[in-house]
>>> print(open('coords35.cif').read())   # mmCIF, C-alpha atoms
data_input
#
loop_
_atom_site.label_atom_id
_atom_site.label_comp_id
_atom_site.auth_asym_id
_atom_site.auth_seq_id
_atom_site.Cartn_x
_atom_site.Cartn_y
_atom_site.Cartn_z
CA MET G 1 -119.39 202.65 249.83
CA ASP G 2 -116.74 205.23 249.83
CA PRO G 3 -115.05 205.54 246.35
CA ALA G 4 -111.67 205.97 247.99
CA TYR G 5 -112.15 202.72 249.79
CA VAL G 6 -113.05 201.02 246.54
CA VAL G 7 -109.85 202.32 244.91
CA LEU G 8 -107.86 201.07 247.85
CA LEU G 9 -109.43 197.62 247.55
CA ILE G 10 -108.61 197.52 243.82
CA ILE G 11 -105.00 198.43 244.51
CA VAL G 12 -104.74 195.70 247.17
CA ALA G 13 -106.22 193.18 244.76
CA ALA G 14 -103.66 194.12 242.12
CA ALA G 15 -100.82 193.71 244.60
CA VAL G 16 -102.14 190.33 245.58
CA ALA G 17 -102.35 189.35 241.90
CA VAL G 18 -98.75 190.35 241.36
CA ILE G 19 -97.66 188.26 244.29
CA ALA G 20 -99.68 185.33 243.04
CA GLY G 21 -98.08 185.66 239.61
CA TYR G 22 -94.66 185.52 241.09
CA LEU G 23 -95.58 182.47 243.07
CA ILE G 24 -97.02 180.71 240.01
CA ALA G 25 -93.85 181.46 237.97
CA ILE G 26 -91.66 180.07 240.70
CA THR G 27 -93.83 176.99 240.87
CA LEU G 28 -93.62 176.37 237.14
CA ILE G 29 -89.90 176.81 237.06
CA LEU G 30 -89.41 174.46 239.96
CA ARG G 31 -91.62 171.86 238.35
CA HIS G 32 -89.60 172.08 235.14
CA VAL G 33 -86.42 171.71 237.09
CA VAL G 34 -87.71 168.70 238.97
CA ASN G 35 -88.69 166.98 235.74
CA ARG G 36 -85.24 167.55 234.28
CA LEU G 37 -83.61 166.26 237.43
CA VAL G 38 -85.68 163.11 237.32
CA THR G 39 -84.58 162.53 233.71
CA ILE G 40 -80.96 163.06 234.62
CA LEU G 41 -81.27 160.72 237.55
CA GLY G 42 -82.68 158.01 235.31
CA ALA G 43 -79.82 158.44 232.82
CA VAL G 44 -77.21 158.31 235.54
CA ASP G 45 -78.82 155.19 236.96
CA ALA G 46 -78.77 153.54 233.54
CA VAL G 47 -75.10 154.45 233.01
CA SER G 48 -74.12 153.11 236.41
CA GLU G 49 -75.95 149.84 235.73
CA THR G 50 -74.18 149.53 232.36
CA THR G 51 -70.72 150.31 233.66
CA GLN G 52 -70.91 148.31 236.86
CA PRO G 53 -69.64 145.02 235.35
CA VAL G 54 -66.99 146.86 233.33
CA GLY G 55 -64.73 147.03 236.34
CA ALA G 56 -64.64 143.26 236.72
CA VAL G 57 -64.19 142.79 232.97
CA VAL G 58 -61.32 145.24 232.88
CA ASN G 59 -59.71 143.48 235.83
CA ASP G 60 -60.03 140.15 234.03
CA LEU G 61 -58.54 141.70 230.89
CA ASN G 62 -55.61 143.09 232.84
CA ARG G 63 -55.02 139.75 234.50
CA ASP G 64 -55.17 137.83 231.22
CA LEU G 65 -52.94 140.29 229.41
CA ASP G 66 -50.44 140.18 232.26
CA ALA G 67 -50.42 136.39 232.14
CA GLY G 68 -49.94 136.50 228.38
CA ARG G 69 -47.10 138.95 228.75
CA LYS G 70 -45.41 136.68 231.29
CA HIS G 71 -45.82 133.71 228.95
CA ILE G 72 -44.19 135.67 226.18
CA GLU G 73 -41.37 136.83 228.42
CA GLY G 74 -40.69 133.29 229.57
CA LEU G 75 -40.82 132.12 225.98
CA VAL G 76 -38.36 134.77 224.88
CA GLN G 77 -36.01 133.88 227.73
CA ARG G 78 -36.21 130.21 226.86
CA LEU G 79 -35.56 130.96 223.22
CA GLU G 80 -32.59 133.13 224.08
CA ALA G 81 -31.22 130.50 226.43
CA GLY G 82 -31.83 127.79 223.87
CA ARG G 83 -30.09 129.77 221.13
CA ALA G 84 -26.74 129.93 222.99
CA PRO G 85 -25.76 126.26 222.45
CA VAL G 86 -26.86 126.53 218.85
CA GLY G 87 -24.49 129.48 218.34
CA ALA G 88 -21.65 127.78 220.23
CA THR G 89 -21.75 124.51 218.38
CA ALA G 90 -22.40 125.95 214.95
CA GLN G 91 -19.38 125.72 212.68
CA THR G 92 -20.65 128.23 210.21
CA PRO G 93 -19.27 131.71 210.78
CA ARG G 94 -21.49 134.58 211.64
CA HIS G 95 -20.72 136.48 208.47
CA PRO G 96 -23.99 137.58 206.95
CA VAL G 97 -22.24 137.70 203.58
CA ASP G 98 -20.82 134.23 203.89
CA GLY G 99 -24.15 132.73 204.94
CA ASP G 100 -25.68 130.32 202.53
CA GLY G 101 -29.09 131.82 203.00
CA HIS G 102 -29.70 129.96 206.23
CA GLY G 103 -32.21 131.75 208.39
CA HIS G 104 -30.39 131.08 211.62
CA ASP G 105 -27.27 132.84 210.46
CA GLU G 106 -29.08 136.11 209.95
CA TRP G 107 -31.19 135.45 213.03
CA GLU G 108 -28.15 134.99 215.19
CA ALA G 109 -26.41 137.91 213.61
CA THR G 110 -29.31 140.28 214.17
CA THR G 111 -30.17 139.24 217.71
CA THR G 112 -26.86 138.50 219.35
CA ALA G 113 -23.68 139.80 217.83
CA PRO G 114 -23.36 142.63 215.40
CA PRO G 115 -22.31 141.50 211.98
CA GLN G 116 -19.34 143.84 211.96
CA GLU G 117 -17.43 141.78 214.47
CA ALA G 118 -17.25 138.88 212.02
CA ALA G 119 -15.54 140.98 209.35
CA PRO G 120 -11.89 140.07 209.13
CA PRO G 121 -9.39 142.84 209.45
CA PRO G 122 -8.03 144.24 206.25
CA GLU G 123 -5.00 142.49 204.93
CA PRO G 124 -1.71 144.22 205.25
CA PRO G 125 -0.18 145.58 202.07
CA SER G 126 1.46 143.07 199.85
CA PRO G 127 5.04 142.27 200.68
CA LEU G 128 6.15 143.09 197.18
CA PRO G 129 7.21 146.64 198.01
CA ARG G 130 9.17 145.25 200.92
CA GLU G 131 10.85 142.86 198.59
CA ARG G 132 11.61 145.76 196.33
CA HIS G 133 13.34 147.42 199.26
CA PRO G 134 15.69 144.83 200.53
CA PRO G 135 17.32 146.62 203.44
CA GLU G 136 18.41 143.24 204.78
CA ARG G 137 20.43 142.63 201.65
CA HIS G 138 22.39 145.83 201.88
CA PRO G 139 25.87 146.19 203.23
CA PRO G 140 24.97 145.39 206.89
CA GLU G 141 24.63 141.80 205.77
CA ARG G 142 28.00 140.92 204.31
CA SER G 143 28.26 137.89 202.19
CA PRO G 144 31.01 136.69 199.91
CA TRP G 145 28.77 137.39 196.95
CA ASP G 146 28.89 141.14 197.63
CA GLU G 147 32.57 141.24 197.26
CA TRP G 148 32.37 139.14 194.15
CA ASP G 149 29.92 141.65 192.63
CA ARG G 150 32.13 144.57 193.59
CA ASP G 151 35.14 142.92 192.04
CA THR G 152 33.38 142.28 188.75
CA THR G 153 31.25 145.42 188.24
CA GLY G 154 32.94 147.98 190.53
CA ALA G 155 29.65 148.82 192.33
CA PRO G 156 27.86 147.03 195.10
CA ALA G 157 24.80 145.00 194.19
CA THR G 158 22.43 147.28 196.05
CA SER G 159 20.22 148.68 193.27
CA GLU G 160 16.54 148.08 193.63
CA ALA G 161 16.08 147.63 189.95
CA ALA G 162 18.64 144.84 189.87
CA PRO G 163 17.59 141.75 188.04
CA PRO G 164 16.57 138.73 190.05
CA ALA G 165 19.84 136.98 189.39
CA SER G 166 21.81 139.60 191.27
CA GLU G 167 19.35 139.49 194.11
CA ASP G 168 19.85 135.76 194.36
CA MET G 169 23.57 136.27 194.61
CA ALA G 170 23.19 139.07 197.15
CA THR G 171 21.19 136.99 199.58
CA GLY G 172 23.58 134.09 199.65
CA PRO G 173 23.57 130.63 198.30
CA GLN G 174 21.94 128.91 201.25
CA GLU G 175 18.56 130.64 200.88
CA ARG G 176 18.23 130.37 197.11
CA HIS G 177 18.08 127.30 194.94
CA PRO G 178 19.16 127.18 191.32
CA PRO G 179 16.19 127.48 189.03
CA GLU G 180 17.25 124.51 186.94
CA PRO G 181 15.40 121.30 187.66
CA SER G 182 17.42 118.43 188.90
CA PRO G 183 16.91 114.71 188.62
CA TRP G 184 16.49 114.65 192.39
CA ASP G 185 13.09 116.31 192.01
CA GLU G 186 11.66 113.39 190.15
CA ARG G 187 13.18 110.99 192.64
CA ASP G 188 11.63 112.95 195.51
CA ARG G 189 8.31 112.97 193.81
CA ASP G 190 8.40 109.21 193.51
CA THR G 191 9.36 108.67 197.16
CA ASP G 192 6.89 111.30 198.33
CA ARG G 193 9.08 112.85 200.98
CA PRO G 194 8.22 116.47 201.43
CA GLN G 195 11.52 117.39 203.06
CA GLU G 196 13.67 115.97 200.34
CA ARG G 197 11.41 117.43 197.78
CA ARG G 198 11.91 120.84 199.29
CA ARG G 199 15.67 120.45 199.38
CA GLY G 200 16.01 119.24 195.87
CA GLY G 201 13.35 121.35 194.34
CA GLY G 202 13.46 124.66 192.69
CA LEU G 203 10.47 126.04 191.02
CA TRP G 204 8.97 122.59 190.74
CA GLY G 205 9.81 121.37 194.22
CA ARG G 206 8.70 124.43 196.07
CA ARG G 207 5.11 124.45 197.15
CA GLY G 208 3.04 127.47 197.84
CA MET S 1 -113.24 202.17 259.31
CA ILE S 2 -110.10 204.00 260.18
CA LEU S 3 -108.44 200.69 261.21
CA LEU S 4 -109.46 199.18 257.91
CA TRP S 5 -107.79 202.04 256.12
CA ILE S 6 -104.62 201.65 258.19
CA GLY S 7 -104.53 197.89 257.60
CA ASN S 8 -104.87 198.29 253.87
CA LEU S 9 -102.18 200.95 253.73
CA ILE S 10 -99.80 198.73 255.69
CA LEU S 11 -100.61 195.88 253.33
CA LEU S 12 -99.95 197.98 250.25
CA LEU S 13 -96.91 199.81 251.44
CA VAL S 14 -95.11 197.22 253.58
CA VAL S 15 -96.25 193.69 253.06
CA VAL S 16 -96.62 193.63 249.29
CA PRO S 17 -93.15 195.10 248.53
CA VAL S 18 -91.47 192.72 250.94
CA VAL S 19 -93.27 189.78 249.43
CA VAL S 20 -92.41 190.88 245.91
CA LEU S 21 -88.78 191.35 246.90
CA ILE S 22 -88.55 187.86 248.38
CA LEU S 23 -90.26 186.30 245.40
CA MET S 24 -87.84 188.03 243.04
CA ARG S 25 -84.89 186.66 245.01
CA VAL S 26 -86.36 183.17 244.68
CA LEU S 27 -87.30 183.47 241.02
CA SER S 28 -83.89 184.36 239.54
CA PRO S 29 -82.02 181.35 240.99
CA ALA S 30 -84.92 179.17 239.94
CA ARG S 31 -84.43 180.36 236.39
CA GLU S 32 -80.73 179.60 236.58
CA ILE S 33 -81.48 176.16 237.91
CA LYS S 34 -83.82 175.61 235.03
CA ILE S 35 -81.12 176.55 232.53
CA TYR S 36 -78.59 174.21 234.12
CA ALA S 37 -81.09 171.36 234.21
CA ASP S 38 -81.78 171.80 230.54
CA ASP S 39 -78.05 171.77 229.74
CA ILE S 40 -77.50 168.62 231.81
CA THR S 41 -80.33 166.88 230.07
CA THR S 42 -78.99 167.87 226.64
CA TYR S 43 -75.44 166.64 227.26
CA GLY S 44 -76.44 163.66 229.34
CA SER S 45 -78.37 162.22 226.46
CA GLN S 46 -75.09 162.14 224.46
CA PHE S 47 -73.63 159.50 226.79
CA ALA S 48 -75.59 156.64 225.33
CA PRO S 49 -73.73 156.26 221.98
CA HIS S 50 -70.38 156.20 223.79
CA LEU S 51 -71.48 153.46 226.14
CA GLU S 52 -72.43 151.06 223.38
CA ALA S 53 -68.78 150.03 222.98
CA LEU S 54 -68.77 148.77 226.56
CA SER S 55 -70.69 145.73 225.47
CA ASP S 56 -67.73 144.75 223.29
CA LEU S 57 -65.50 144.47 226.34
CA THR S 58 -66.81 140.99 227.06
CA THR S 59 -65.90 140.00 223.51
CA THR S 60 -62.43 141.44 224.08
CA ARG S 61 -62.09 139.41 227.26
CA GLU S 62 -63.05 136.22 225.49
CA LEU S 63 -60.61 136.89 222.65
CA VAL S 64 -57.81 137.59 225.10
CA ARG S 65 -58.55 134.29 226.84
CA GLN S 66 -58.38 132.47 223.53
CA VAL S 67 -55.09 134.18 222.73
CA ASN S 68 -53.69 133.13 226.08
CA ALA S 69 -54.78 129.55 225.54
CA ASP S 70 -53.13 129.50 222.10
CA LEU S 71 -50.03 131.08 223.56
CA GLU S 72 -49.81 128.37 226.19
CA ARG S 73 -50.15 125.73 223.49
CA TYR S 74 -47.38 127.44 221.52
CA VAL S 75 -45.12 127.47 224.56
CA ARG S 76 -45.81 123.79 225.24
CA ALA S 77 -45.12 122.92 221.62
CA LEU S 78 -41.82 124.79 221.79
CA ASP S 79 -40.95 122.93 224.98
CA ARG S 80 -41.67 119.63 223.24
CA ILE S 81 -39.51 120.66 220.32
CA ALA S 82 -36.73 121.74 222.66
#
>>> encode(input="coords35.cif", output="structure tokens")
Amino acid sequence: MDPAYVVLLIIVAAAVAVIAGYLIAITLILRHVVNRLVTILGAVDAVSETTQPVGAVVNDLNRDLDAGRKHIEGLVQRLEAGRAPVGATAQTPRHPVDGDGHGHDEWEATTTAPPQEAAPPPEPPSPLPRERHPPERHPPERSPWDEWDRDTTGAPATSEAAPPASEDMATGPQERHPPEPSPWDERDRDTDRPQERRRGGGLWGRRG
Amino acid sequence: MILLWIGNLILLLVVVPVVVLILMRVLSPAREIKIYADDITTYGSQFAPHLEALSDLTTTRELVRQVNADLERYVRALDRIA
């Protein structure tokens, strides 16, 4: 045998070994990959079997919850419709402050009308200052008593600080009654006639 | 003899490099596929604990049905009261 030929055969054998190595590596890798893919396929199959009935269960849940929601809506509508006659016929006001602790007062107040609408408007100022300023009793309204005051004192009875007696005279006799009680008061009380009582009364006959 | 020499030279200089080149182009994607398969296996095994709650859905459905039945009774009772 030629030594050169032997070297050539060794080199060819090495090349073939390299190629075989590559092929074995590829084979091992592919086998590993196939095993992993089989595992994944089994897991996916198990998940799909587990989740398959979930769709029907979720549909049932949605249907039941929708039915429950409709029940509740109908119930709320019926309650709201049923509350209207209760609020219309109730004599108690809707003042949350005036309520006697009844639950329906607060219930009505919170669900239907705001409580502020029940608050009465503030009272106007007391008429006392108006009485202190009697523009009606000033010279535009002339009465015989004015002239009588002027004749006696020399000044018209127009002062605001005038005593009540002068005010009584300034307004005229027909609107004021003498403060002294009269026997007619007792007679009116006995007969129980409100009109006569008012006419004959003074401080005792006047009511309110 | 000369033909044998020529055949061997062609094998060493032409065939073997081409084969090695093709095998290398097959091997690198195979390695990538191996890596991806390992990752899928790792994360796929984490599904199982999350799917255990699915079995409670049937319990939820039963409870919702009971709630609906009680709700219907409540509505009927209110109708009777009204």
>>> closest_residue(input="coords35.cif", among="G:Val7, G:Ala56, G:Ala14, G:Leu61", to="chain S", atoms="all atoms listed in the file")
G:Leu61
>>> resolve_selection(input="coords35.cif", expression="the PyMOL selection byres ((chain S) within 9 of (chain G))", output="short mmCIF file (atom, residue, chain, number, x, y, z; two decimals) with C-alpha atoms, keeping the file's coordinate frame")
data_model
loop_
_atom_site.label_atom_id
_atom_site.label_comp_id
_atom_site.auth_asym_id
_atom_site.auth_seq_id
_atom_site.Cartn_x
_atom_site.Cartn_y
_atom_site.Cartn_z
CA TRP S 5 -107.79 202.04 256.12
CA ASN S 8 -104.87 198.29 253.87
CA LEU S 9 -102.18 200.95 253.73
CA LEU S 11 -100.61 195.88 253.33
CA LEU S 12 -99.95 197.98 250.25
CA VAL S 16 -96.62 193.63 249.29
CA PRO S 17 -93.15 195.10 248.53
CA VAL S 19 -93.27 189.78 249.43
CA VAL S 20 -92.41 190.88 245.91
CA LEU S 23 -90.26 186.30 245.40
CA MET S 24 -87.84 188.03 243.04
CA VAL S 26 -86.36 183.17 244.68
CA LEU S 27 -87.30 183.47 241.02
CA SER S 28 -83.89 184.36 239.54
CA ALA S 30 -84.92 179.17 239.94
CA ARG S 31 -84.43 180.36 236.39
CA ILE S 33 -81.48 176.16 237.91
CA LYS S 34 -83.82 175.61 235.03
CA ILE S 35 -81.12 176.55 232.53
CA TYR S 36 -78.59 174.21 234.12
CA ALA S 37 -81.09 171.36 234.21
CA ASP S 38 -81.78 171.80 230.54
CA ILE S 40 -77.50 168.62 231.81
CA THR S 41 -80.33 166.88 230.07
CA GLY S 44 -76.44 163.66 229.34
CA SER S 45 -78.37 162.22 226.46
CA PHE S 47 -73.63 159.50 226.79
CA ALA S 48 -75.59 156.64 225.33
CA LEU S 51 -71.48 153.46 226.14
CA LEU S 54 -68.77 148.77 226.56
CA SER S 55 -70.69 145.73 225.47
CA LEU S 57 -65.50 144.47 226.34
CA THR S 58 -66.81 140.99 227.06
CA THR S 60 -62.43 141.44 224.08
CA ARG S 61 -62.09 139.41 227.26
CA GLU S 62 -63.05 136.22 225.49
CA VAL S 64 -57.81 137.59 225.10
CA ARG S 65 -58.55 134.29 226.84
CA VAL S 67 -55.09 134.18 222.73
CA ASN S 68 -53.69 133.13 226.08
CA ALA S 69 -54.78 129.55 225.54
CA LEU S 71 -50.03 131.08 223.56
CA GLU S 72 -49.81 128.37 226.19
CA VAL S 75 -45.12 127.47 224.56
CA LEU S 78 -41.82 124.79 221.79
CA ASP S 79 -40.95 122.93 224.98
CA ALA S 82 -36.73 121.74 222.66
#
>>> atom_distance(input="coords35.cif", atom1="atom CA of S:His50", atom2="atom CA of G:Gln52")
15.3 Å
>>> atom_distance(input="coords35.cif", atom1="atom CA of G:Pro3", atom2="atom CA of S:Val15")
23.2 Å
>>> atom_distance(input="coords35.cif", atom1="atom CA of S:Asp56", atom2="atom CA of S:Thr42")
25.9 Å
